[in-house]
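Participant: Sharing a structure, written as structure tokens. Questions coming.
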Amino acid sequence: MNVHALLTDATADVDTAVHPDTVRADLIRGRRAAHRRRLRRGGVAGLVMAGAFAGAVALGSTETPAAPLAGPGVDRVLEPGTIQLVDYTGEQLAGYAVDEVPDGWALLDADEYALTIGPSGVPGTDPNSYVGKLTVLLMSQDETMPAEGTEVTIGSTIGRVVTEAGRGGSAAPFDFSLFYVDPASGQPVRIQVPPALGWTAQQAADFATGVHVTTAAERGVG
Amino acid sequence: MRRERDEAFSAFVAGSRGDLLRTATLLAAGDRHLAEDLVQVSLTRLYLAWPRLRAPEARFAYARRVLVNALIDETRRPWRRREQPRAELPDAPAPAAGGPDDERLARLRPALEQLPPRMRAAVVFRHLHELSVAETADVLNCSQGTVKSQTARGLDQLRRALAVPPTDPPEDGPPPSRPAPASALTPATTWSAP
């Protein structure tokens, strides 16, 4: 069996001519995707940097996970453990697999760049928006692991929590970000925790223990 | 800067889109609509990754990798597991000029569809594009041993589906010989006898 010839013949009737309009349409799709990413990443990166400059903020000790969030720059005290983790038994999406999710929350969208998790039964969310969602993504290739923040233990590795500036307002997209290197894949991971969860740093670390980065995950640019 | 990127990307699309569409058509087991979707996803993500992909071969490898990932994503969608849409009706009559080669072509697409996505991709990249085991492993982001085993199993399943005895060299042997260009091939003359 000449497999090459067989496969070639199977695609012999595929129209491989590329019209200039098709090229332009592909270019426009790419530009729009880049624009959406700039909007998304620009806002996220700015908040992370601002949070880093705000200095170390106590986010709950690793020894006392139940401690409420409090510290300089925090203008409200979250109820600790507002939403607990429960085993996740549903379908896994591409890029990232999770062992646990917040109680009452579900996987919303995923591609190779990010997995978003939000309250169940909330239809029509924009997959490109991370606002108010628990988001798992790889750090951008242009980012470096933050040197500031609170250290937490994630299984066999150490992560670092960086708070976001302007927390406390309803417009704050997420409370803090957890940065760590996934031991299995060696990939640098960022988990953005929204205010609605009321999580401590250790609760975020517990969630991160059950996050598995698949080979489909990719690091963004910018 | 952006203008240079756009011009280079447009040149890539003009020169490579047809080949990507052929690949995607096989990965999609003949589903033309899905193939076009896969190509669009691949090119959109390629545009995003363009600044870090300086070598032309890296761009092509990336586009192929995204084709496979997009196919895997697609096959994981719940509606796709419940329903099996096809471009052609399954009870369509056989072509009138049904020679042995036409019959084999007609059986190829459902046979491809039965292969898991990554196994299908391994067969396509090894035997349509004639990538080496190492190149295929790079595209599929897996080990060379996985490529060999996936390709061997894929070929075995295709042979059984097409009722062809195993005559090809083993997967760890020399790469397949490069045949004549597609334009010179005809169904009646290019298939070796089983």
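Please note that chains go A, B, ... in the order of the structure tokens, that every chain numbers its residues from 1, and that ligands are numbered from 1 in the order shown.
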Skip Pro117 of chain B itself and residues of its chain fewer than 6 positions away, then list as a PyMOL selection string all residues within 8 Å of it, counting only C-alpha atoms.
Facilitator: chain B and resi 27+68+71-72
Participant: Set the cut-off to 6 Å and count only C-alpha atoms: what are the residues of chain A that reach chain B? Output as a list in words.
Facilitator: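 Selected residues: Met1, Asn2, His4, Thr11, Thr16, Val18, Arg29, Gly30 and Ala34 of chain A.
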Participant: Atom CA of Val181 of chain A and atom CA of Glu100 of chain A are how many Å apart?
Facilitator: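 It comes out at 18.9 Å.
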Participant: What does the structure give for the distance between atom CA of Val98 of chain A and atom CA of Gly210 of chain A, in Å to one decimal?
Facilitator: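 Atom-to-atom, atom CA of Val98 of chain A and atom CA of Gly210 of chain A are spaced 5.4 Å apart.
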Participant: Considering only C-alpha atoms, return as a count of residues only whatever protein or nucleic-acid residues lie within 10 Å of Gly159 of chain A, sequence-local ones (same chain, fewer than 6 positions apart) excluded.
Facilitator: 17
Participant: Name the closest residue to Ala184 of chain A among the candidates A:Val213, A:Ala204, A:Ile154, A:Leu108; distances are taken between atoms, counting only C-alpha atoms.
Facilitator: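 Selected residue with least distance to Ala184 of chain A: A:Val213.
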Participant: Find the residues near Asp109 of chain A: any atom within 12 Å, counting only C-alpha atoms, skip ones fewer than 5 places away on the same chain, and give them as a PyMOL selection string.
Facilitator: (chain A and resi 91-96+114-118+123-130+133-137) or (chain B and resi 73+77)
Participant: Just asking: which residues within segment 87-145 of chain A are strand (DSSP E) according to DSSP, as number ranges by chain?
Facilitator: A: 87, 96-98, 100-102, 105-110, 114-119, 134-138
Participant: Please, what distance in Å, to one decimal, runs between atom CA of Thr146 of chain B and atom CA of Ala63 of chain B?
Facilitator: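 Distance between the two atoms: 20.7 Å.
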Participant: For Ala217 of chain A, which residue among A:Ser140, A:Thr157, A:Thr163, A:Thr8 is the nearest when counting only C-alpha atoms?
Facilitator: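 Nearest to Ala217 of chain A: A:Ser140.
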Participant: When distances are computed from only C-alpha atoms, which of A:Ala106, A:Ala17, A:Val3, A:Ile28 shows the smallest separation from Pro119 of chain A?
Facilitator: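 Of the candidates, the smallest distance to Pro119 of chain A is held by A:Ala106.
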